[in-house]
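Undergrad: Just so it is clear, I am handing over model_19.cif, which has mmCIF, C-alpha atoms.
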```cif
data_structure
loop_
_atom_site.group_PDB
_atom_site.id
_atom_site.type_symbol
_atom_site.label_atom_id
_atom_site.label_comp_id
_atom_site.auth_asym_id
_atom_site.auth_seq_id
_atom_site.Cartn_x
_atom_site.Cartn_y
_atom_site.Cartn_z
ATOM 1 C CA GLY A 222 26.792 -3.291 -6.434
ATOM 2 C CA LEU A 223 26.862 -5.276 -3.214
ATOM 3 C CA ALA A 224 25.521 -8.397 -4.956
ATOM 4 C CA LYS A 225 23.161 -9.183 -2.091
ATOM 5 C CA LYS A 226 20.276 -11.515 -2.835
ATOM 6 C CA THR A 227 16.871 -12.147 -1.295
ATOM 7 C CA ASP A 228 15.677 -15.751 -0.953
ATOM 8 C CA PHE A 229 12.005 -16.755 -0.797
ATOM 9 C CA THR A 230 10.285 -19.934 0.411
ATOM 10 C CA TYR A 231 6.711 -20.895 -0.524
ATOM 11 C CA ASN A 232 4.176 -23.413 0.719
ATOM 12 C CA ALA A 233 2.061 -25.823 -1.326
ATOM 13 C CA ASN A 234 -0.505 -23.076 -1.929
ATOM 14 C CA GLY A 235 2.114 -20.825 -3.482
ATOM 15 C CA LEU A 236 2.160 -18.416 -0.545
ATOM 16 C CA VAL A 237 5.368 -16.897 0.801
ATOM 17 C CA THR A 238 6.411 -18.528 4.086
ATOM 18 C CA ALA A 239 9.879 -17.011 4.456
ATOM 19 C CA LYS A 240 11.931 -14.169 3.015
ATOM 20 C CA THR A 241 15.644 -13.889 3.754
ATOM 21 C CA GLU A 242 17.223 -10.578 2.825
ATOM 22 C CA ALA A 243 20.998 -10.413 2.273
ATOM 23 C CA ALA A 244 20.939 -14.213 2.204
ATOM 24 C CA ALA A 245 24.157 -16.105 2.950
ATOM 25 C CA SER A 246 25.750 -13.061 4.542
ATOM 26 C CA PRO A 247 26.347 -11.872 8.128
ATOM 27 C CA LEU A 248 23.563 -9.326 7.556
ATOM 28 C CA ALA A 249 20.946 -11.958 6.704
ATOM 29 C CA ARG A 250 17.482 -11.072 7.990
ATOM 30 C CA THR A 251 14.586 -13.560 7.802
ATOM 31 C CA THR A 252 10.871 -12.835 8.030
ATOM 32 C CA VAL A 253 8.534 -15.834 8.479
ATOM 33 C CA TRP A 254 4.811 -16.008 7.640
ATOM 34 C CA THR A 255 2.504 -18.626 9.205
ATOM 35 C CA TYR A 256 -0.887 -19.656 7.830
ATOM 36 C CA GLY A 257 -2.331 -21.463 10.825
ATOM 37 C CA ASN A 258 -6.080 -21.363 10.250
ATOM 38 C CA VAL A 259 -7.381 -24.622 8.761
ATOM 39 C CA THR A 260 -10.620 -23.020 7.554
ATOM 40 C CA TYR A 261 -8.801 -20.143 5.848
ATOM 41 C CA PRO A 262 -5.398 -21.523 4.783
ATOM 42 C CA GLY A 263 -4.709 -18.486 2.631
ATOM 43 C CA LEU A 264 -4.867 -16.027 5.530
ATOM 44 C CA VAL A 265 -1.784 -15.050 7.519
ATOM 45 C CA THR A 266 -2.051 -15.811 11.238
ATOM 46 C CA GLN A 267 1.473 -14.876 12.345
ATOM 47 C CA ILE A 268 4.478 -12.904 11.113
ATOM 48 C CA ASP A 269 7.878 -13.174 12.810
ATOM 49 C CA ARG A 270 10.720 -10.807 12.070
ATOM 50 C CA PRO A 271 14.042 -10.118 13.817
ATOM 51 C CA SER A 272 13.752 -7.884 16.869
ATOM 52 C CA THR A 273 15.764 -4.723 17.386
ATOM 53 C CA ALA A 274 16.621 -6.263 20.782
ATOM 54 C CA GLY A 275 18.972 -8.581 18.898
ATOM 55 C CA GLY A 276 19.899 -12.184 19.605
ATOM 56 C CA SER A 277 17.124 -14.740 19.193
ATOM 57 C CA PHE A 278 14.335 -12.274 20.047
ATOM 58 C CA VAL A 279 11.631 -11.734 17.439
ATOM 59 C CA ARG A 280 8.992 -9.102 16.786
ATOM 60 C CA ARG A 281 5.750 -11.038 16.287
ATOM 61 C CA THR A 282 2.444 -9.985 14.767
ATOM 62 C CA GLU A 283 -0.468 -12.352 15.430
ATOM 63 C CA TYR A 284 -3.814 -12.241 13.646
ATOM 64 C CA ILE A 285 -6.597 -13.831 15.711
ATOM 65 C CA LEU A 286 -9.405 -14.695 13.298
ATOM 66 C CA ASN A 287 -13.090 -15.259 13.889
ATOM 67 C CA SER A 288 -15.254 -17.896 12.196
ATOM 68 C CA THR A 289 -15.615 -15.784 9.050
ATOM 69 C CA GLY A 290 -11.892 -15.068 8.695
ATOM 70 C CA ASP A 291 -11.914 -11.518 10.054
ATOM 71 C CA ALA A 292 -9.055 -10.475 12.336
ATOM 72 C CA THR A 293 -10.729 -9.621 15.652
ATOM 73 C CA THR A 294 -7.375 -8.970 17.338
ATOM 74 C CA ILE A 295 -3.999 -7.990 15.930
ATOM 75 C CA ARG A 296 -1.410 -8.632 18.626
ATOM 76 C CA GLU A 297 2.100 -7.209 18.549
ATOM 77 C CA THR A 298 4.643 -8.832 20.868
ATOM 78 C CA GLY A 299 8.342 -8.307 21.245
ATOM 79 C CA ARG A 300 11.008 -6.768 23.417
ATOM 80 C CA GLU A 301 12.103 -3.189 23.903
ATOM 81 C CA GLY A 302 14.249 -1.487 26.530
ATOM 82 C CA GLY A 303 15.017 -4.859 28.107
ATOM 83 C CA ALA A 304 11.346 -5.683 28.734
ATOM 84 C CA ALA A 305 8.740 -7.715 26.874
ATOM 85 C CA PHE A 306 5.631 -5.995 25.516
ATOM 86 C CA THR A 307 2.224 -7.005 24.166
ATOM 87 C CA TYR A 308 -0.069 -4.620 22.319
ATOM 88 C CA ASP A 309 -3.551 -5.627 21.137
ATOM 89 C CA THR A 310 -5.670 -3.818 18.566
ATOM 90 C CA VAL A 311 -9.245 -5.130 18.690
ATOM 91 C CA PHE A 312 -11.808 -4.978 15.869
ATOM 92 C CA THR A 313 -15.545 -5.601 15.505
ATOM 93 C CA TYR A 314 -17.359 -6.108 12.199
ATOM 94 C CA ASN A 315 -20.784 -5.791 10.652
ATOM 95 C CA GLY A 316 -22.572 -8.622 8.854
ATOM 96 C CA ALA A 317 -20.848 -7.716 5.590
ATOM 97 C CA GLY A 318 -17.404 -8.159 7.155
ATOM 98 C CA MET A 319 -16.604 -4.448 7.294
ATOM 99 C CA VAL A 320 -14.876 -2.937 10.341
ATOM 100 C CA LEU A 321 -17.305 -1.272 12.757
ATOM 101 C CA THR A 322 -14.916 -0.390 15.562
ATOM 102 C CA MET A 323 -11.161 -0.344 16.087
ATOM 103 C CA ASP A 324 -9.794 -0.185 19.628
ATOM 104 C CA PRO A 325 -6.025 0.521 19.690
ATOM 105 C CA PRO A 326 -3.676 -0.820 22.388
ATOM 106 C CA THR A 327 -3.993 2.075 24.821
ATOM 107 C CA ALA A 328 -6.184 1.393 27.857
ATOM 108 C CA GLY A 329 -9.879 2.244 27.976
ATOM 109 C CA SER A 330 -12.519 2.899 25.341
ATOM 110 C CA ALA A 331 -12.072 6.638 24.873
ATOM 111 C CA ASP A 332 -9.826 6.067 21.857
ATOM 112 C CA VAL A 333 -12.099 3.720 19.893
ATOM 113 C CA VAL A 334 -12.563 4.567 16.202
ATOM 114 C CA THR A 335 -16.004 3.802 14.756
ATOM 115 C CA TYR A 336 -17.273 3.444 11.188
ATOM 116 C CA THR A 337 -20.739 3.640 9.667
ATOM 117 C CA TYR A 338 -21.861 2.188 6.325
ATOM 118 C CA ASP A 339 -24.644 2.738 3.820
ATOM 119 C CA PRO A 340 -27.490 0.324 4.670
ATOM 120 C CA THR A 341 -28.885 0.702 1.142
ATOM 121 C CA ARG A 342 -25.643 -0.791 -0.222
ATOM 122 C CA ASN A 343 -25.596 -3.867 2.017
ATOM 123 C CA GLY A 344 -23.338 -2.257 4.601
ATOM 124 C CA LEU A 345 -20.327 -2.372 2.288
ATOM 125 C CA ILE A 346 -19.869 1.299 1.399
ATOM 126 C CA PRO A 347 -18.513 3.589 4.149
ATOM 127 C CA LEU A 348 -20.363 6.763 5.044
ATOM 128 C CA LYS A 349 -18.403 8.031 8.017
ATOM 129 C CA ARG A 350 -15.397 7.478 10.255
ATOM 130 C CA ILE A 351 -15.585 8.907 13.788
ATOM 131 C CA ASP A 352 -12.311 9.349 15.658
ATOM 132 C CA PRO A 353 -11.995 9.933 19.419
ATOM 133 C CA THR A 354 -13.042 13.423 20.409
ATOM 134 C CA ILE A 355 -10.624 16.097 21.535
ATOM 135 C CA GLY A 356 -12.019 18.518 24.082
ATOM 136 C CA GLY A 357 -15.557 17.503 23.176
ATOM 137 C CA THR A 358 -15.047 18.100 19.439
ATOM 138 C CA VAL A 359 -16.295 15.246 17.261
ATOM 139 C CA LEU A 360 -13.730 14.309 14.625
ATOM 140 C CA GLU A 361 -15.595 12.972 11.602
ATOM 141 C CA THR A 362 -14.481 11.970 8.132
ATOM 142 C CA ASN A 363 -17.391 11.749 5.691
ATOM 143 C CA TYR A 364 -17.476 9.882 2.380
ATOM 144 C CA VAL A 365 -19.651 10.204 -0.715
ATOM 145 C CA HIS A 366 -19.879 7.509 -3.394
ATOM 146 C CA ASP A 367 -21.509 7.592 -6.819
ATOM 147 C CA ALA A 368 -23.965 5.085 -8.286
ATOM 148 C CA PHE A 369 -21.026 2.829 -9.212
ATOM 149 C CA ASN A 370 -19.793 2.743 -5.583
ATOM 150 C CA ARG A 371 -16.755 4.850 -6.431
ATOM 151 C CA LYS A 372 -15.615 7.324 -3.796
ATOM 152 C CA THR A 373 -16.133 10.800 -5.230
ATOM 153 C CA SER A 374 -15.747 12.947 -2.125
ATOM 154 C CA GLU A 375 -14.019 12.779 1.242
ATOM 155 C CA ILE A 376 -14.333 15.523 3.840
ATOM 156 C CA ASP A 377 -11.704 15.155 6.553
ATOM 157 C CA VAL A 378 -11.826 16.121 10.226
ATOM 158 C CA ASN A 379 -10.715 19.674 9.345
ATOM 159 C CA GLY A 380 -13.551 20.129 6.870
ATOM 160 C CA VAL A 381 -11.254 19.909 3.844
ATOM 161 C CA GLU A 382 -12.830 18.129 0.880
ATOM 162 C CA THR A 383 -10.965 15.919 -1.582
ATOM 163 C CA VAL A 384 -12.861 15.218 -4.812
ATOM 164 C CA THR A 385 -12.019 12.310 -7.119
ATOM 165 C CA ALA A 386 -13.131 12.305 -10.777
ATOM 166 C CA TYR A 387 -13.089 9.262 -13.079
ATOM 167 C CA ASP A 388 -12.881 8.853 -16.844
ATOM 168 C CA ASP A 389 -15.162 6.755 -19.044
ATOM 169 C CA MET A 390 -12.926 3.718 -18.469
ATOM 170 C CA ASN A 391 -13.480 3.875 -14.689
ATOM 171 C CA ARG A 392 -9.948 5.131 -14.039
ATOM 172 C CA VAL A 393 -8.998 7.945 -11.678
ATOM 173 C CA ASP A 394 -8.750 11.053 -13.850
ATOM 174 C CA MET A 395 -8.210 13.850 -11.351
ATOM 175 C CA VAL A 396 -7.935 14.273 -7.588
ATOM 176 C CA THR A 397 -8.663 17.764 -6.254
ATOM 177 C CA ARG A 398 -8.107 18.885 -2.687
ATOM 178 C CA LYS A 399 -10.391 21.870 -2.325
ATOM 179 C CA GLY A 400 -9.011 25.174 -1.138
ATOM 180 C CA ALA A 401 -10.784 28.281 0.122
ATOM 181 C CA THR A 402 -11.093 29.366 -3.527
ATOM 182 C CA VAL A 403 -10.677 27.577 -6.845
ATOM 183 C CA GLY A 404 -7.240 29.138 -7.130
ATOM 184 C CA ASP A 405 -6.230 27.413 -3.909
ATOM 185 C CA ASP A 406 -7.231 23.941 -5.115
ATOM 186 C CA ILE A 407 -4.494 21.294 -5.067
ATOM 187 C CA VAL A 408 -4.899 19.150 -8.170
ATOM 188 C CA THR A 409 -3.243 15.876 -9.204
ATOM 189 C CA ASP A 410 -3.930 14.766 -12.783
ATOM 190 C CA TYR A 411 -3.624 11.239 -14.219
ATOM 191 C CA ALA A 412 -3.113 10.361 -17.898
ATOM 192 C CA TYR A 413 -3.144 6.916 -19.534
ATOM 193 C CA ASN A 414 -1.682 5.447 -22.710
ATOM 194 C CA GLY A 415 -3.566 3.689 -25.491
ATOM 195 C CA PHE A 416 -3.354 0.369 -23.666
ATOM 196 C CA GLY A 417 -4.993 1.785 -20.541
ATOM 197 C CA ASP A 418 -1.784 1.843 -18.501
ATOM 198 C CA LEU A 419 -0.952 4.786 -16.264
ATOM 199 C CA ASP A 420 1.300 7.026 -18.363
ATOM 200 C CA LEU A 421 1.834 10.316 -16.544
ATOM 201 C CA VAL A 422 0.986 11.795 -13.159
ATOM 202 C CA THR A 423 1.072 15.582 -12.923
ATOM 203 C CA ARG A 424 1.423 16.741 -9.339
ATOM 204 C CA PRO A 425 0.056 19.976 -7.869
ATOM 205 C CA MET A 426 3.265 22.000 -8.291
ATOM 206 C CA GLY A 427 3.815 20.721 -11.829
ATOM 207 C CA SER A 428 6.302 17.940 -11.092
ATOM 208 C CA LEU A 429 5.753 14.683 -12.941
ATOM 209 C CA VAL A 430 5.841 10.934 -12.488
ATOM 210 C CA ASP A 431 6.500 9.433 -15.918
ATOM 211 C CA CYS A 432 5.786 5.736 -16.485
ATOM 212 C CA ILE A 433 7.836 4.134 -19.259
ATOM 213 C CA TYR A 434 6.904 0.847 -20.920
ATOM 214 C CA SER A 435 8.926 -1.580 -23.026
ATOM 215 C CA ASP A 436 8.356 -2.856 -26.540
ATOM 216 C CA THR A 437 11.751 -4.511 -27.007
ATOM 217 C CA ASN A 438 12.657 -6.650 -23.978
ATOM 218 C CA GLY A 439 11.423 -9.993 -25.283
ATOM 219 C CA ASP A 440 8.009 -10.755 -26.732
ATOM 220 C CA LEU A 441 6.420 -11.611 -23.385
ATOM 221 C CA ALA A 442 7.856 -8.497 -21.743
ATOM 222 C CA LYS A 443 6.333 -6.072 -24.228
ATOM 223 C CA GLY A 444 4.199 -3.493 -22.510
ATOM 224 C CA ARG A 445 5.875 -4.073 -19.161
ATOM 225 C CA LEU A 446 6.687 -1.124 -16.950
ATOM 226 C CA THR A 447 10.445 -0.574 -17.333
ATOM 227 C CA ALA A 448 10.885 2.672 -15.400
ATOM 228 C CA MET A 449 9.102 5.198 -13.213
ATOM 229 C CA GLU A 450 10.780 8.585 -13.390
ATOM 230 C CA ARG A 451 10.177 11.492 -11.011
ATOM 231 C CA LYS A 452 11.127 14.854 -12.463
ATOM 232 C CA LEU A 453 10.467 18.569 -12.012
ATOM 233 C CA ASN A 454 9.081 19.053 -15.519
ATOM 234 C CA ALA A 455 8.835 17.367 -18.901
ATOM 235 C CA SER A 456 12.265 18.583 -20.098
ATOM 236 C CA THR A 457 14.332 17.973 -16.957
ATOM 237 C CA PRO A 458 15.373 14.377 -16.217
ATOM 238 C CA GLY A 459 15.157 13.378 -12.568
ATOM 239 C CA GLU A 460 15.564 10.113 -10.704
ATOM 240 C CA ARG A 461 13.906 6.856 -11.638
ATOM 241 C CA MET A 462 13.387 3.265 -10.614
ATOM 242 C CA ALA A 463 14.250 1.010 -13.551
ATOM 243 C CA TYR A 464 13.001 -2.566 -13.976
ATOM 244 C CA VAL A 465 14.473 -5.424 -16.007
ATOM 245 C CA TYR A 466 12.530 -8.506 -17.158
ATOM 246 C CA ASP A 467 13.525 -11.845 -18.619
ATOM 247 C CA ASN A 468 12.051 -13.233 -21.850
ATOM 248 C CA LEU A 469 9.187 -14.774 -19.879
ATOM 249 C CA GLY A 470 8.140 -11.361 -18.661
ATOM 250 C CA LYS A 471 9.309 -11.924 -15.082
ATOM 251 C CA LYS A 472 10.904 -9.001 -13.281
ATOM 252 C CA THR A 473 14.518 -9.848 -12.482
ATOM 253 C CA ARG A 474 16.016 -6.555 -11.321
ATOM 254 C CA GLU A 475 15.150 -3.170 -9.786
ATOM 255 C CA GLU A 476 17.630 -0.309 -9.820
ATOM 256 C CA MET A 477 17.504 3.300 -8.670
ATOM 257 C CA GLN A 478 19.031 5.573 -11.311
ATOM 258 C CA SER A 479 19.819 9.263 -11.756
ATOM 259 C CA TRP A 480 20.559 11.345 -14.848
ATOM 260 C CA ASN A 481 24.258 12.195 -15.144
ATOM 261 C CA GLY A 482 23.922 14.667 -17.994
ATOM 262 C CA SER A 483 24.226 12.185 -20.835
ATOM 263 C CA GLY A 484 22.634 8.970 -19.572
ATOM 264 C CA TRP A 485 21.272 7.056 -16.603
ATOM 265 C CA SER A 486 23.610 5.838 -13.868
ATOM 266 C CA ALA A 487 22.867 3.600 -10.907
ATOM 267 C CA LEU A 488 22.378 5.019 -7.417
ATOM 268 C CA GLY A 489 23.910 2.365 -5.169
ATOM 269 C CA SER A 490 23.170 -1.308 -5.724
ATOM 270 C CA GLY A 491 20.165 -2.822 -7.455
ATOM 271 C CA LEU A 492 17.914 -5.624 -6.279
ATOM 272 C CA ASP A 493 18.197 -8.898 -8.146
ATOM 273 C CA GLY A 494 15.889 -11.865 -7.974
ATOM 274 C CA PRO A 495 12.107 -12.304 -7.818
ATOM 275 C CA VAL A 496 11.005 -8.758 -6.987
#
```
Can you present the structure in this file as structure tokens?
TA:
Amino acid sequence: GLAKKTDFTYNANGLVTAKTEAAASPLARTTVWTYGNVTYPGLVTQIDRPSTAGGSFVRRTEYILNSTGDATTIRETGREGGAAFTYDTVFTYNGAGMVLTMDPPTAGSADVVTYTYDPTRNGLIPLKRIDPTIGGTVLETNYVHDAFNRKTSEIDVNGVETVTAYDDMNRVDMVTRKGATVGDDIVTDYAYNGFGDLDLVTRPMGSLVDCIYSDTNGDLAKGRLTAMERKLNASTPGERMAYVYDNLGKKTREEMQSWNGSGWSALGSGLDGPV
């Protein structure tokens, strides 16, 4: 592999303040997080990352917080095409801290997105999202939740319903995107192992996502996810992301792999370090 490493820096609260990819190389790229609100020291107030303009320019994301820690404005600043830019997305909230309106950077109020919530559930559970109209047509997304506040139905702006079913352990069991007839339904099925971990995802066309867990890589790494494999069917190996842990159960490596006919081989370089 290329043997590139990613370095991390943390503050006294254990929060990431800097990440340097391809550290100690000409390709090094550093992203910096700032936690500048004294009342809410765990909330990010600024993120700086290298700008595509090059040089010392940065692309900055600022989070302007209100007295309850909600971001009332998310401001993007940077440089593009030789000129500086500033884009603000403005939010309002209800008393429960849920977003009521979102006004994107474009001028005017015709593009404001609004949300409504169930007053019988303390304004925490969404009922509807209303997007800006097109030619006078109201674009609504409607939500239905069960007695346990789990979303069971979502009807999008095109009138297409997606239904989510849960098992007795409160896990997603099946997601069905309704078609014109039952035969047109698009179904994704989820299966779990005896420990309650996600084991297999069966996609609408029959392809699979297979989750593989370890029982050998050190006592504290038992039961850790060691690979996620995407394949066309149960008998045809595909590509997978493999994970390696140390004896303390900490992930030390990620590697994309493909089946070569007799075993797994790496696709390019892996990622070492705290991932």
Undergrad: I need the output of the PyMOL selection byres ((chain A and resi 394) around 7) for this file as a PyMOL selection string; which residues are they?
TA: chain A and resi 386-388+392-393+395+410-412
Undergrad: Can those selected residues be exported to a file as a PDB file, in the frame of the given file so that it contains C-alpha atoms?
TA:
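As written to disk, result_9.pdb reads:
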```
ATOM      1  CA  ALA A 386     -13.131  12.305 -10.777  1.00  0.00           C
ATOM      2  CA  TYR A 387     -13.089   9.262 -13.079  1.00  0.00           C
ATOM      3  CA  ASP A 388     -12.881   8.853 -16.844  1.00  0.00           C
ATOM      4  CA  ARG A 392      -9.948   5.131 -14.039  1.00  0.00           C
ATOM      5  CA  VAL A 393      -8.998   7.945 -11.678  1.00  0.00           C
ATOM      6  CA  MET A 395      -8.210  13.850 -11.351  1.00  0.00           C
ATOM      7  CA  ASP A 410      -3.930  14.766 -12.783  1.00  0.00           C
ATOM      8  CA  TYR A 411      -3.624  11.239 -14.219  1.00  0.00           C
ATOM      9  CA  ALA A 412      -3.113  10.361 -17.898  1.00  0.00           C
TER      10      ALA A 412
END
```
Undergrad: Got a sec: who's within 9 Å of Tyr338 in chain A, counting all atoms listed in the file, leaving out chain neighbours fewer than 3 positions off, as a PyMOL selection string?
TA: chain A and resi 319+321+341-349
Undergrad: How far is it from CA of Gly263 in chain A to CA of Arg281 in chain A, in Å with one decimal?
TA: 18.7 Å
Undergrad: Residues within 9 Å of Arg371 in chain A, please, as number ranges by chain. Count all atoms listed in the file; anything in the same chain fewer than 6 positions from it doesn't count.
TA: A: 365, 385, 387, 391
Undergrad: Excluding range 423-434 of chain A and any residue of its chain fewer than 3 positions from it, enumerate the residues within 6 Å of it, using only C-alpha atoms, and give them as number ranges by chain.
TA: A: 407-410, 420, 444-454
Undergrad: Would you write out, as a short mmCIF file (atom, residue, chain, number, x, y, z; two decimals) with C-alpha atoms, in the frame of the given file, every residue that the PyMOL selection byres ((chain A and resi 477) around 12) captures in this file?
TA:
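Just written: part28.cif:
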```
data_model
loop_
_atom_site.label_atom_id
_atom_site.label_comp_id
_atom_site.auth_asym_id
_atom_site.auth_seq_id
_atom_site.Cartn_x
_atom_site.Cartn_y
_atom_site.Cartn_z
CA GLY A 222 26.79 -3.29 -6.43
CA THR A 447 10.44 -0.57 -17.33
CA ALA A 448 10.88 2.67 -15.40
CA MET A 449 9.10 5.20 -13.21
CA GLU A 450 10.78 8.59 -13.39
CA ARG A 451 10.18 11.49 -11.01
CA GLY A 459 15.16 13.38 -12.57
CA GLU A 460 15.56 10.11 -10.70
CA ARG A 461 13.91 6.86 -11.64
CA MET A 462 13.39 3.26 -10.61
CA ALA A 463 14.25 1.01 -13.55
CA TYR A 464 13.00 -2.57 -13.98
CA VAL A 465 14.47 -5.42 -16.01
CA ARG A 474 16.02 -6.56 -11.32
CA GLU A 475 15.15 -3.17 -9.79
CA GLU A 476 17.63 -0.31 -9.82
CA GLN A 478 19.03 5.57 -11.31
CA SER A 479 19.82 9.26 -11.76
CA TRP A 480 20.56 11.34 -14.85
CA TRP A 485 21.27 7.06 -16.60
CA SER A 486 23.61 5.84 -13.87
CA ALA A 487 22.87 3.60 -10.91
CA LEU A 488 22.38 5.02 -7.42
CA GLY A 489 23.91 2.37 -5.17
CA SER A 490 23.17 -1.31 -5.72
CA GLY A 491 20.16 -2.82 -7.46
CA LEU A 492 17.91 -5.62 -6.28
#
```
Undergrad: Evaluate the PyMOL selection byres ((chain A and resi 268) around 8) here and jot the selected residues down as number ranges by chain.
TA: A: 252-255, 265-267, 269-270, 281-283
Undergrad: Please measure the separation of CA of Pro340 in chain A and CA of Ala368 in chain A, giving the value in Å to one decimal.
TA: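 Interatomic distance, CA of Pro340 in chain A to CA of Ala368 in chain A: 14.2 Å.
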